[in-house]
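Before any comments, here is the structure.
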Amino acid sequence: MALHPNSTLPAAQPIGEALANSAPLARLQALLRDSNARFEAIRPLLPVPLATEVRPGPIGEDGWALIASSPSVAAKLRQLLPRLEAALQQHGWQGSGIRIRVQSKRSD
């Protein structure tokens with residue numbers, strides 16, 4: 001690893017290089033791409049006003065999460081779960097359960 005001139009600190013790496021050189025970061029990047037791809041697969045099934053209130057969430061051992069902006073959005077997503085899970089299966093994500101999480105509000 002190269003050192004920054006006049007320093008004992010390592011020189012900064014471009015983010016792409018850092019991701020490629022770190023197995024945990026590369027794994028995280030792959031999970032992020034997978035989550036975004038799943039969201040793109042189900043987005044056409046979401047009514048436009050609802051789609052703006054939902055974000056793709058993390059993928060874990062217990063499935064994939066969708067992050068809802070409010071409890072009412074989460075309730076509507078739960079009604080759509082069978083259709084959303086069927087769409088994921090059609091795109092090759094077999095056995096991919098979807099969890100719905102409500103985004104916690106920050107208190108500033």
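Ordered as shown in the structure tokens, chains take letters A, B, and onward, while each chain numbers its residues from 1 and ligands are numbered from 1 in the order shown.
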
- request: Going by DSSP on the backbone, which bits of chain A are strand (DSSP E or B)? Write them as an MDAnalysis selection string, please.
  value: chainID A and resid 3 10 54:60 63:68 98:102

Only C-alpha atoms, please: the residues just picked out, written as a short mmCIF file (atom, residue, chain, number, x, y, z; two decimals), in the first residue's frame.
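The resulting file, out34.cif, is shown below:
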```
data_model
loop_
_atom_site.label_atom_id
_atom_site.label_comp_id
_atom_site.auth_asym_id
_atom_site.auth_seq_id
_atom_site.Cartn_x
_atom_site.Cartn_y
_atom_site.Cartn_z
CA LEU A 3 1.89 6.05 1.65
CA PRO A 10 -1.69 5.27 3.64
CA VAL A 54 -41.12 2.51 -0.22
CA ARG A 55 -37.38 1.81 -0.32
CA PRO A 56 -35.48 -1.43 -0.82
CA GLY A 57 -34.04 -2.72 2.43
CA PRO A 58 -31.48 -5.26 3.55
CA ILE A 59 -31.30 -8.90 2.53
CA GLY A 60 -30.76 -11.36 5.35
CA GLY A 63 -35.55 -12.75 3.51
CA TRP A 64 -35.57 -9.32 1.96
CA ALA A 65 -36.98 -6.21 3.60
CA LEU A 66 -38.97 -3.37 2.16
CA ILE A 67 -38.83 -0.14 4.14
CA ALA A 68 -42.18 1.65 4.37
CA ILE A 98 -40.44 -10.25 1.94
CA ARG A 99 -40.49 -8.54 5.32
CA ILE A 100 -42.07 -5.14 5.73
CA ARG A 101 -40.40 -2.68 8.07
CA VAL A 102 -41.57 0.79 9.00
#
```

query: Quick one: DSSP helix (DSSP H, G or I) residues in chain A, as an MDAnalysis selection string?
result: chainID A and resid 15:21 23:45 48:51 71:90

query: Which neighbours of segment 41-45 of chain A fall inside 8 Å, counting only C-alpha atoms, when residues of the same chain fewer than 4 positions from it are skipped, and could you give them as a VMD selection string?
result: chain A and resid 37 51 83 to 84 87 to 88 91

With all heavy atoms retained, could you export that selection as a tab-separated table (two decimals), in the first residue's frame?
```
chain	number	residue	atom	x	y	z
A	37	ALA	N	-32.06	-4.67	-7.37
A	37	ALA	CA	-32.62	-5.43	-8.50
A	37	ALA	C	-33.99	-6.01	-8.13
A	37	ALA	O	-34.92	-6.00	-8.95
A	37	ALA	CB	-31.66	-6.55	-8.90
A	51	ALA	N	-45.24	3.65	-4.45
A	51	ALA	CA	-43.84	3.39	-4.80
A	51	ALA	C	-42.90	4.47	-4.28
A	51	ALA	O	-41.76	4.20	-3.93
A	51	ALA	CB	-43.69	3.25	-6.31
A	83	ARG	N	-48.60	-10.89	-4.45
A	83	ARG	CA	-48.23	-10.49	-5.82
A	83	ARG	C	-46.75	-10.15	-5.92
A	83	ARG	O	-46.08	-10.49	-6.90
A	83	ARG	CB	-49.06	-9.29	-6.26
A	83	ARG	CG	-50.51	-9.62	-6.53
A	83	ARG	CD	-51.34	-8.42	-6.90
A	83	ARG	NE	-50.78	-7.68	-8.02
A	83	ARG	CZ	-51.07	-6.42	-8.29
A	83	ARG	NH1	-51.92	-5.76	-7.54
A	83	ARG	NH2	-50.54	-5.81	-9.32
A	84	LEU	N	-46.23	-9.48	-4.90
A	84	LEU	CA	-44.81	-9.08	-4.92
A	84	LEU	C	-43.91	-10.32	-4.85
A	84	LEU	O	-42.92	-10.42	-5.58
A	84	LEU	CB	-44.52	-8.13	-3.77
A	84	LEU	CG	-45.31	-6.82	-3.74
A	84	LEU	CD1	-44.93	-5.99	-2.53
A	84	LEU	CD2	-45.14	-6.04	-5.03
A	87	ALA	N	-43.89	-12.13	-8.14
A	87	ALA	CA	-43.05	-11.44	-9.13
A	87	ALA	C	-41.57	-11.77	-8.90
A	87	ALA	O	-40.82	-11.98	-9.85
A	87	ALA	CB	-43.27	-9.93	-9.06
A	88	LEU	N	-41.16	-11.81	-7.64
A	88	LEU	CA	-39.76	-12.17	-7.35
A	88	LEU	C	-39.46	-13.58	-7.83
A	88	LEU	O	-38.40	-13.84	-8.40
A	88	LEU	CB	-39.47	-12.05	-5.86
A	88	LEU	CG	-39.40	-10.63	-5.30
A	88	LEU	CD1	-39.09	-10.68	-3.80
A	88	LEU	CD2	-38.37	-9.79	-6.02
A	91	HIS	N	-38.85	-13.77	-11.42
A	91	HIS	CA	-37.54	-13.23	-11.80
A	91	HIS	C	-36.39	-14.09	-11.28
A	91	HIS	O	-35.23	-13.69	-11.38
A	91	HIS	CB	-37.40	-11.79	-11.31
A	91	HIS	CG	-38.17	-10.82	-12.14
A	91	HIS	ND1	-39.49	-10.51	-11.90
A	91	HIS	CD2	-37.80	-10.09	-13.21
A	91	HIS	CE1	-39.90	-9.64	-12.79
A	91	HIS	NE2	-38.90	-9.35	-13.61
```

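Rounded to one decimal, atom CA of Pro49 of chain A and atom CA of Gly95 of chain A lie 27.8 Å from each other.
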
- prompt: Nearest to Gln90 of chain A among A:Ala11, A:Leu77, A:Arg38, A:Lys105, with distances taken over only C-alpha atoms: which residue is it?
  reply: A:Arg38

message: Report, in Å with one decimal, the straight-line distance from atom CA of Ala23 of chain A to atom CA of Gln103 of chain A.
response: 28.9 Å

field: Residue neighbourhood Glu53 of chain A, 10 Å, only C-alpha atoms, exclusion window fewer than 5 positions, as a list of chain:residue names
entry: A:Val48, A:Ile67, A:Ala68, A:Ser69, A:Ser70, A:Val73, A:Ala74

query: Pick the closest to Leu80 of chain A from A:Ser104, A:Leu50, A:Leu9, A:Trp93: which is it, counting only C-alpha atoms?
result: A:Leu50

- request: Considering only C-alpha atoms, state which residue in the set A:Glu85, A:Gly16, A:Glu61, A:Ser72 is at the smallest distance from Phe39 of chain A.
  value: A:Glu85
